[in-house]
$ cat input_8.cif   # mmCIF, C-alpha atoms
data_upload
#
loop_
_atom_site.label_atom_id
_atom_site.label_comp_id
_atom_site.auth_asym_id
_atom_site.auth_seq_id
_atom_site.Cartn_x
_atom_site.Cartn_y
_atom_site.Cartn_z
CA MET H 1 5.39 49.48 -42.03
CA GLN H 2 7.47 46.88 -40.31
CA ASN H 3 11.08 46.41 -41.32
CA LYS H 4 13.19 43.44 -40.48
CA ASP H 5 16.43 45.35 -40.76
CA ASP H 6 19.28 43.74 -38.89
CA ARG H 7 22.68 44.65 -40.28
CA SER H 8 24.37 41.97 -38.19
CA THR H 9 22.31 39.22 -39.81
CA PRO H 10 22.62 38.46 -43.54
CA ILE H 11 19.47 38.39 -45.66
CA PRO H 12 18.20 34.80 -46.00
CA ALA H 13 18.89 33.18 -49.34
CA THR H 14 15.21 32.25 -49.85
CA THR H 15 13.67 35.69 -50.29
CA LEU H 16 11.33 37.20 -52.85
CA SER H 17 11.68 40.50 -54.66
CA ALA H 18 8.87 43.08 -54.78
CA PRO H 19 7.91 42.20 -58.40
CA GLN H 20 7.80 38.50 -57.49
CA VAL H 21 5.53 39.12 -54.49
CA ALA H 22 3.30 41.50 -56.46
CA ASP H 23 2.92 38.94 -59.26
CA ARG H 24 2.15 36.17 -56.76
CA MET H 25 -0.49 38.29 -54.99
CA GLY H 26 -2.00 39.56 -58.24
CA LEU H 27 -1.03 43.18 -57.53
CA THR H 28 1.10 45.88 -59.04
CA THR H 29 4.24 46.89 -57.18
CA ARG H 30 2.58 50.23 -56.39
CA GLN H 31 -0.41 48.46 -54.84
CA LEU H 32 1.98 46.29 -52.82
CA GLN H 33 3.73 49.42 -51.53
CA ASP H 34 0.39 50.97 -50.58
CA LEU H 35 -0.51 47.84 -48.59
CA ARG H 36 2.74 48.21 -46.64
CA LEU H 37 1.92 51.83 -45.85
CA ARG H 38 -1.49 50.75 -44.58
CA GLY H 39 0.16 48.19 -42.33
CA ILE H 40 -1.73 45.25 -43.87
CA GLY H 41 0.89 43.99 -46.31
CA PRO H 42 3.78 41.59 -45.71
CA PRO H 43 6.74 43.08 -43.77
CA ILE H 44 9.92 43.81 -45.66
CA VAL H 45 13.47 42.65 -45.08
CA GLN H 46 15.69 45.61 -45.90
CA ARG H 47 19.44 46.04 -46.10
CA GLY H 48 20.57 49.33 -47.52
CA LEU H 49 18.41 50.14 -50.54
CA SER H 50 17.53 46.51 -51.28
CA ILE H 51 14.03 45.37 -50.29
CA HIS H 52 13.08 41.70 -49.98
CA TYR H 53 10.24 39.60 -48.60
CA LEU H 54 10.27 36.32 -46.73
CA PRO H 55 8.08 33.59 -48.29
CA ALA H 56 6.70 32.74 -44.83
CA ASP H 57 5.42 36.31 -44.39
CA VAL H 58 3.71 36.22 -47.79
CA GLN H 59 2.15 32.84 -46.98
CA GLU H 60 0.84 34.25 -43.69
CA ILE H 61 -1.04 36.97 -45.61
CA GLU H 62 -2.40 34.35 -48.01
CA ARG H 63 -3.58 32.13 -45.16
CA HIS H 64 -5.26 35.10 -43.46
CA GLU H 65 -7.15 36.09 -46.63
CA ALA H 66 -8.17 32.48 -47.30
CA ALA H 67 -9.47 32.11 -43.73
CA MET H 68 -11.57 35.28 -44.10
CA LEU H 69 -13.07 33.97 -47.34
CA ILE H 70 -13.84 30.59 -45.76
CA GLU H 71 -15.60 32.36 -42.86
CA GLN H 72 -17.80 34.22 -45.36
CA MET H 73 -18.62 30.98 -47.15
CA LEU H 74 -19.57 29.25 -43.90
CA ALA H 75 -21.89 32.16 -43.09
CA SER H 76 -23.70 31.83 -46.43
CA ALA H 77 -26.82 29.74 -47.11
CA ARG H 78 -24.98 27.03 -49.10
CA PRO H 79 -21.27 26.81 -48.20
CA LEU H 80 -20.61 23.53 -50.03
CA THR H 81 -22.17 24.84 -53.23
CA LEU H 82 -19.78 27.81 -53.19
CA LEU H 83 -16.82 25.54 -52.48
CA ARG H 84 -17.79 23.28 -55.39
CA ALA H 85 -18.10 26.29 -57.72
CA MET H 86 -14.67 27.58 -56.68
CA ALA H 87 -13.07 24.15 -57.03
CA ASP H 88 -14.56 23.68 -60.51
CA HIS H 89 -13.33 27.11 -61.60
CA ALA H 90 -9.78 26.49 -60.30
CA GLY H 91 -9.65 22.88 -61.44
CA PHE H 92 -9.03 21.51 -57.93
CA LYS H 93 -9.49 17.86 -57.06
CA LEU H 94 -12.93 17.23 -55.53
CA SER H 95 -13.56 15.24 -52.37
CA PRO H 96 -16.19 12.46 -52.47
CA ILE H 97 -18.69 14.82 -50.79
CA LEU H 98 -18.09 17.76 -53.14
CA GLN H 99 -18.45 15.42 -56.12
CA GLN H 100 -22.11 14.96 -55.13
CA VAL H 101 -22.83 18.68 -54.72
CA ASN H 102 -24.82 20.30 -57.52
CA VAL H 103 -23.99 23.86 -58.56
CA PRO H 104 -27.03 25.86 -59.78
CA THR H 105 -26.35 27.70 -63.02
CA GLU H 106 -27.86 30.88 -61.59
CA SER H 107 -25.63 30.93 -58.51
CA VAL H 108 -24.06 34.23 -57.60
CA VAL H 109 -20.38 33.75 -56.86
CA PRO H 110 -18.16 36.62 -55.72
CA ASP H 111 -15.72 38.00 -58.29
CA PRO H 112 -13.23 37.05 -59.55
CA ILE H 113 -14.56 33.52 -59.06
CA SER H 114 -17.62 33.10 -61.19
CA VAL H 115 -19.30 30.19 -62.87
CA SER H 116 -20.67 30.83 -66.31
CA THR H 117 -22.64 28.39 -68.40
CA PRO H 118 -22.15 28.62 -72.17
CA PRO H 119 -25.34 28.98 -74.14
CA VAL H 120 -26.78 25.67 -75.28
CA PRO H 121 -27.34 25.61 -79.04
CA THR H 122 -30.92 24.89 -80.03
CA GLU H 123 -31.93 22.91 -83.06
CA GLU H 124 -34.25 24.55 -85.53
CA ALA H 125 -37.71 23.01 -85.67
CA PRO H 126 -38.49 21.10 -88.89
CA PRO H 127 -40.70 22.97 -91.32
CA ALA H 128 -44.42 22.41 -90.87
CA THR H 129 -46.26 20.23 -93.40
CA ASP H 130 -49.79 20.59 -94.70
CA SER H 131 -50.68 16.94 -94.14
CA VAL H 132 -49.75 16.30 -90.54
CA SER H 133 -49.33 18.70 -87.59
CA LEU H 134 -47.70 17.34 -84.51
CA VAL H 135 -47.84 19.28 -81.25
CA ALA H 136 -45.26 18.15 -78.70
CA GLU H 137 -46.24 18.45 -75.06
CA THR H 138 -43.46 20.16 -73.18
CA GLU H 139 -42.74 19.69 -69.51
CA PRO H 140 -42.80 22.78 -67.25
CA ALA H 141 -39.39 24.33 -66.67
CA PRO H 142 -37.86 23.49 -63.29
CA ALA H 143 -38.01 26.19 -60.66
CA THR H 144 -34.96 28.39 -60.57
CA PRO H 145 -33.06 27.78 -57.33
CA PRO H 146 -32.53 30.83 -55.09
CA ALA H 147 -29.45 32.86 -55.85
CA LEU H 148 -26.52 32.37 -53.52
CA THR H 149 -24.98 35.41 -51.94
CA VAL H 150 -21.89 35.75 -49.79
CA ILE H 151 -22.01 37.81 -46.63
CA THR H 152 -19.14 40.27 -46.90
CA SER H 153 -17.57 42.03 -43.96
CA PRO H 154 -17.37 45.83 -44.10
CA THR H 155 -14.07 47.13 -45.41
CA THR H 156 -14.17 50.46 -43.55
CA ALA H 157 -13.13 50.85 -39.92
CA TRP H 158 -11.83 53.44 -37.46
CA TYR H 159 -8.07 53.71 -36.95
CA LEU H 160 -5.89 55.83 -34.68
CA VAL H 161 -3.69 58.76 -35.75
CA HIS H 162 -0.85 60.04 -33.56
CA THR H 163 -0.42 63.79 -34.05
CA LYS H 164 2.44 66.14 -33.34
CA PRO H 165 2.39 67.91 -29.94
CA ARG H 166 -0.52 70.40 -29.63
CA GLN H 167 -1.40 69.97 -33.33
CA GLU H 168 -4.53 67.84 -33.03
CA GLU H 169 -6.82 70.44 -34.64
CA ILE H 170 -4.26 71.20 -37.37
CA ALA H 171 -4.07 67.51 -38.25
CA LEU H 172 -7.88 67.23 -38.14
CA ALA H 173 -8.39 70.18 -40.50
CA ASN H 174 -5.80 68.98 -43.02
CA LEU H 175 -7.04 65.38 -43.03
CA GLU H 176 -10.64 66.48 -43.55
CA ARG H 177 -9.51 68.82 -46.32
CA GLN H 178 -8.17 65.75 -48.15
CA GLY H 179 -11.52 63.97 -47.85
CA TYR H 180 -10.86 61.71 -44.84
CA GLU H 181 -13.57 61.17 -42.23
CA CYS H 182 -12.10 62.02 -38.82
CA TYR H 183 -13.22 62.40 -35.22
CA LEU H 184 -11.41 64.36 -32.49
CA PRO H 185 -13.02 63.81 -29.05
CA GLN H 186 -12.96 67.04 -27.06
CA MET H 187 -14.01 68.24 -23.63
CA ARG H 188 -14.76 71.65 -22.15
CA ILE H 189 -12.48 72.74 -19.33
CA GLU H 190 -12.33 75.89 -17.22
CA ARG H 191 -8.97 77.65 -17.19
CA ILE H 192 -7.44 81.01 -16.35
CA ARG H 193 -6.25 83.10 -19.26
CA ARG H 194 -5.09 86.70 -18.85
CA ARG H 195 -6.39 86.68 -15.26
CA LYS H 196 -9.86 85.76 -16.46
CA ALA H 197 -11.63 82.45 -16.00
CA GLU H 198 -12.96 81.14 -19.30
CA VAL H 199 -14.13 77.86 -20.81
CA ALA H 200 -11.78 76.33 -23.38
CA THR H 201 -12.07 73.20 -25.54
CA GLU H 202 -9.25 70.67 -25.31
CA PRO H 203 -8.69 67.20 -26.82
CA MET H 204 -9.98 64.38 -24.64
CA PHE H 205 -6.90 62.33 -25.62
CA PRO H 206 -3.94 64.66 -26.29
CA ARG H 207 -2.08 63.85 -29.55
CA TYR H 208 -4.66 61.31 -30.75
CA LEU H 209 -7.60 61.42 -33.16
CA PHE H 210 -9.66 58.81 -35.00
CA ILE H 211 -9.79 58.37 -38.78
CA ARG H 212 -12.13 56.12 -40.80
CA LEU H 213 -10.35 54.27 -43.60
CA ASP H 214 -11.27 51.78 -46.30
CA SER H 215 -8.96 48.76 -46.53
CA SER H 216 -10.27 47.64 -49.94
CA ASP H 217 -8.57 48.41 -53.25
CA GLN H 218 -11.44 50.77 -54.10
CA GLY H 219 -10.87 52.84 -50.95
CA LYS H 220 -9.00 56.11 -50.68
CA SER H 221 -5.23 55.69 -50.51
CA TRP H 222 -3.63 55.78 -47.06
CA SER H 223 -0.32 57.11 -48.38
CA PRO H 224 -0.99 60.86 -47.87
CA ILE H 225 -1.80 60.46 -44.16
CA ARG H 226 1.76 60.31 -42.87
CA SER H 227 2.84 63.42 -44.78
CA THR H 228 -0.20 65.45 -43.69
CA LEU H 229 0.59 68.61 -41.73
CA GLY H 230 0.14 67.98 -38.01
CA VAL H 231 0.27 64.16 -38.30
CA SER H 232 3.10 62.17 -36.76
CA GLN H 233 2.07 58.67 -37.85
CA LEU H 234 -0.70 56.11 -38.08
CA VAL H 235 -0.64 53.97 -34.92
CA HIS H 236 0.37 50.34 -35.53
CA PHE H 237 0.33 47.18 -33.44
CA GLY H 238 3.20 45.23 -34.94
CA ALA H 239 2.76 45.20 -38.71
CA ARG H 240 -0.94 46.11 -38.71
CA ALA H 241 -2.63 49.47 -38.23
CA ALA H 242 -4.45 49.76 -34.90
CA LYS H 243 -8.16 49.24 -35.55
CA VAL H 244 -10.73 50.77 -33.17
CA ASP H 245 -14.16 49.24 -32.58
CA ASP H 246 -17.13 51.27 -33.87
CA MET H 247 -18.90 50.84 -30.51
CA LEU H 248 -16.06 52.61 -28.71
CA VAL H 249 -16.22 55.61 -31.08
CA ASN H 250 -20.02 55.81 -30.71
CA LEU H 251 -19.66 55.66 -26.92
CA LEU H 252 -17.11 58.48 -26.98
CA ARG H 253 -19.47 60.62 -29.10
CA GLN H 254 -22.29 60.10 -26.59
CA ARG H 255 -20.03 60.81 -23.63
CA GLU H 256 -18.67 63.96 -25.28
CA ARG H 257 -22.19 65.36 -25.69
CA ALA H 258 -23.14 64.57 -22.10
CA LEU H 259 -19.83 65.53 -20.47
CA PRO H 260 -20.17 68.67 -18.31
CA THR H 261 -17.59 71.45 -18.26
CA GLU H 262 -14.68 70.55 -15.99
CA ALA H 263 -14.47 73.29 -13.36
CA MET H 264 -11.20 74.58 -11.94
CA PHE H 265 -12.56 74.67 -8.38
CA HIS H 266 -15.24 72.76 -6.53
CA SER H 267 -17.21 73.70 -3.46
CA GLY H 268 -15.08 73.20 -0.35
CA ASP H 269 -11.71 73.50 -2.13
CA SER H 270 -8.96 75.47 -0.40
CA VAL H 271 -7.87 78.37 -2.62
CA VAL H 272 -5.40 81.24 -2.39
CA ILE H 273 -6.04 84.78 -3.60
CA SER H 274 -3.26 85.55 -6.07
CA ASP H 275 -3.36 89.37 -6.22
CA GLY H 276 -5.08 92.43 -4.83
CA PRO H 277 -5.29 93.59 -1.20
CA PHE H 278 -6.00 90.03 0.00
CA ALA H 279 -3.14 88.43 -1.97
CA GLY H 280 -1.74 85.33 -0.27
CA ILE H 281 -4.76 84.80 1.99
CA GLU H 282 -6.32 81.35 1.96
CA ALA H 283 -10.07 80.94 1.57
CA ILE H 284 -12.73 78.29 1.04
CA TYR H 285 -14.29 78.16 -2.42
CA GLN H 286 -18.09 78.19 -2.32
CA THR H 287 -19.56 78.61 -5.82
CA VAL H 288 -19.35 80.63 -9.02
CA GLU H 289 -21.84 82.99 -10.64
CA ALA H 290 -22.77 83.34 -14.30
CA GLU H 291 -20.38 86.28 -14.67
CA ARG H 292 -17.49 83.96 -13.68
CA ARG H 293 -17.23 85.70 -10.27
CA ALA H 294 -16.46 83.32 -7.41
CA PHE H 295 -18.07 83.37 -3.98
CA ILE H 296 -15.46 82.54 -1.31
CA LEU H 297 -15.33 82.39 2.46
CA LEU H 298 -12.23 83.77 4.18
CA GLU H 299 -11.33 84.37 7.80
CA VAL H 300 -10.63 87.93 8.93
CA LEU H 301 -9.80 88.60 12.60
CA SER H 302 -10.92 85.06 13.49
CA LYS H 303 -14.30 85.68 11.91
CA PRO H 304 -15.54 84.07 8.65
CA VAL H 305 -16.29 86.66 5.96
CA SER H 306 -17.83 85.98 2.55
CA MET H 307 -16.89 87.96 -0.54
CA HIS H 308 -17.11 87.91 -4.35
CA ILE H 309 -13.94 87.86 -6.44
CA ASP H 310 -12.96 87.18 -10.05
CA ALA H 311 -12.26 83.47 -10.41
CA GLY H 312 -9.16 84.39 -12.41
CA ARG H 313 -7.59 85.79 -9.24
CA LEU H 314 -7.70 82.45 -7.45
CA ARG H 315 -5.45 79.40 -7.47
CA LYS H 316 -5.58 76.13 -5.63
CA ALA H 317 -3.88 76.07 -2.24
CA GLY H 318 -0.91 73.79 -1.75
#
$ encode --input "input_8.cif" --output "C-alpha cells"
Amino acid sequence: MQNKDDRSTPIPATTLSAPQVADRMGLTTRQLQDLRLRGIGPPIVQRGLSIHYLPADVQEIERHEAAMLIEQMLASARPLTLLRAMADHAGFKLSPILQQVNVPTESVVPDPISVSTPPVPTEEAPPATDSVSLVAETEPAPATPPALTVITSPTTAWYLVHTKPRQEEIALANLERQGYECYLPQMRIERIRRRKAEVATEPMFPRYLFIRLDSSDQGKSWSPIRSTLGVSQLVHFGARAAKVDDMLVNLLRQRERALPTEAMFHSGDSVVISDGPFAGIEAIYQTVEAERRAFILLEVLSKPVSMHIDAGRLRKAG
C-alpha cells in the first residue's frame, strides 16, 4: 500500500473519501481496502487517522481498466460489434461508423454489459374455417450469426513474498496451510556440521519465495498474507505488487531439478587440516568418496603423500 503522507504539505482540497471512491468504482469500502492491500488499488493520502484519495489517482485506475477492456475487444472476432453493444447499453452517442454496425441478438457480451432482446409478442392465428383453408408459405429463418466471445486475460499470476530472516520454510508452511499456492526454490549444498560433512538444503534466494495469487474479486483474499507467521511483506514496485513471469518460475523449477549439489571443495583446492596430528598442515584436495571421506595430497619431508581424511576436518586455505 502506498501512502502519500507528508505532514508538511496540507491535504489538497479536491479529495475523495473512501465511501465516495467505493461508490464511484462500484465496490464496497471493504473491497476497496482489500485492493489497497493487494497493491492494485488507488494510493491513499493520509494525515493522522483521516484517509483520502486524489481524483487523479482514481482516474488512473479507471483508465487502466478501460484500456485492458479495449485490448480484449480488439483481440475478439468483432470489436466494433462489441463496442456498439456497450454503447447501446450505456446510452452513449454513436459515431457515424458505429451507427451502421449491426448487433446480433445472440451476441455474447461480458457481464455486467449484456444486450437482451425482449420477447416479441406473437399474434394468435385466426380460427380455421370449414370452407376455405389457406396455407401461408413461410420463408426459412435466417442463419444465426456466430456467438461473440471476448478473450480474457488470466487473473492469476506469481508474486514475490519477502520473508523474515531464516524463516523461508516457516512462511512457506504457514502460507500453504492457508490454501495459498507457493514455491520456494532450493538448492543442495555441502556444509560441515558437528565436524561432519553433510548435504543440506538451502533457499536459492534467501528471504524470498513465490506465491500465486488471483487478482479478481472471486480470488482468495490477499489480506492474511502480511500477518502470516514468517512473512515480512509482499514485495511492491511503487503502488503495485511485484508480478513475476510464469516462464521465469518454470525455468527455476527446471534448474532446481537439474542443479547438482554444491560441493565445499573442488579438485585442486588448497585446504588446511583443522584438527588431529596434522592440524595446520596445508594440502591439495583431490576428491571425495561416498562415505564423505576426502582424498588429499600433502607434503611430508619434501615428499608428496596421499591420505584419506574426514571432509569435516578440512577448511579452505587462506
$ residues_around --input "input_8.cif" --residues "H:Val244" --least-positions-apart "6" --cutoff "12 Å" --atoms "all atoms listed in the file" --output "list in words"
Thr156, Ala157, Trp158, Tyr159, Leu160, Val161, Leu209, Phe210, Ile211, Arg212, Leu213, Val235, His236, Phe237, Asn250, Leu251 and Leu252 of chain H
$ closest_residue --input "input_8.cif" --among "H:Glu282, H:Asp246, H:Glu256, H:Glu198" --to "H:Ser270" --atoms "all atoms listed in the file"
H:Glu282
$ closest_residue --input "input_8.cif" --among "H:Ala67, H:Ala200, H:Ile61, H:Val271" --to "H:Arg36" --atoms "all atoms listed in the file"
H:Ile61
$ atom_distance --input "input_8.cif" --atom1 "atom CA of H:Thr15" --atom2 "atom CA of H:Ala241"
24.5 Å
$ atom_distance --input "input_8.cif" --atom1 "atom CA of H:Ile225" --atom2 "atom CA of H:Pro206"
18.5 Å
$ resolve_selection --input "input_8.cif" --expression "the PyMOL selection byres ((chain H and resi 167) around 12)" --output "list in words"
Val161, His162, Thr163, Lys164, Pro165, Arg166, Glu168, Glu169, Ile170, Ala171, Leu172, Ala173, Asn174, Leu184, Glu202, Pro203, Pro206, Arg207, Tyr208, Leu209, Thr228, Leu229, Gly230, Val231 and Ser232 of chain H
$ write_last_selection --input "input_8.cif" --atoms "C-alpha atoms" --output "PDB file, in the frame of the given file"
ATOM      1  CA  VAL H 161      -3.690  58.760 -35.750  1.00  0.00           C
ATOM      2  CA  HIS H 162      -0.850  60.040 -33.560  1.00  0.00           C
ATOM      3  CA  THR H 163      -0.420  63.790 -34.050  1.00  0.00           C
ATOM      4  CA  LYS H 164       2.440  66.140 -33.340  1.00  0.00           C
ATOM      5  CA  PRO H 165       2.390  67.910 -29.940  1.00  0.00           C
ATOM      6  CA  ARG H 166      -0.520  70.400 -29.630  1.00  0.00           C
ATOM      7  CA  GLU H 168      -4.530  67.840 -33.030  1.00  0.00           C
ATOM      8  CA  GLU H 169      -6.820  70.440 -34.640  1.00  0.00           C
ATOM      9  CA  ILE H 170      -4.260  71.200 -37.370  1.00  0.00           C
ATOM     10  CA  ALA H 171      -4.070  67.510 -38.250  1.00  0.00           C
ATOM     11  CA  LEU H 172      -7.880  67.230 -38.140  1.00  0.00           C
ATOM     12  CA  ALA H 173      -8.390  70.180 -40.500  1.00  0.00           C
ATOM     13  CA  ASN H 174      -5.800  68.980 -43.020  1.00  0.00           C
ATOM     14  CA  LEU H 184     -11.410  64.360 -32.490  1.00  0.00           C
ATOM     15  CA  GLU H 202      -9.250  70.670 -25.310  1.00  0.00           C
ATOM     16  CA  PRO H 203      -8.690  67.200 -26.820  1.00  0.00           C
ATOM     17  CA  PRO H 206      -3.940  64.660 -26.290  1.00  0.00           C
ATOM     18  CA  ARG H 207      -2.080  63.850 -29.550  1.00  0.00           C
ATOM     19  CA  TYR H 208      -4.660  61.310 -30.750  1.00  0.00           C
ATOM     20  CA  LEU H 209      -7.600  61.420 -33.160  1.00  0.00           C
ATOM     21  CA  THR H 228      -0.200  65.450 -43.690  1.00  0.00           C
ATOM     22  CA  LEU H 229       0.590  68.610 -41.730  1.00  0.00           C
ATOM     23  CA  GLY H 230       0.140  67.980 -38.010  1.00  0.00           C
ATOM     24  CA  VAL H 231       0.270  64.160 -38.300  1.00  0.00           C
ATOM     25  CA  SER H 232       3.100  62.170 -36.760  1.00  0.00           C
TER      26      SER H 232
END
$ atom_distance --input "input_8.cif" --atom1 "atom CA of H:Leu54" --atom2 "atom CA of H:Val21"
9.5 Å
$ closest_residue --input "input_8.cif" --among "H:Asp34, H:Asp23, H:Asp310, H:Asp88" --to "H:Asp275" --atoms "only C-alpha atoms"
H:Asp310
$ residues_around --input "input_8.cif" --residues "H:Thr155" --least-positions-apart "5" --cutoff "7 Å" --atoms "all atoms listed in the file" --output "VMD selection string"
chain H and resid 214 to 216
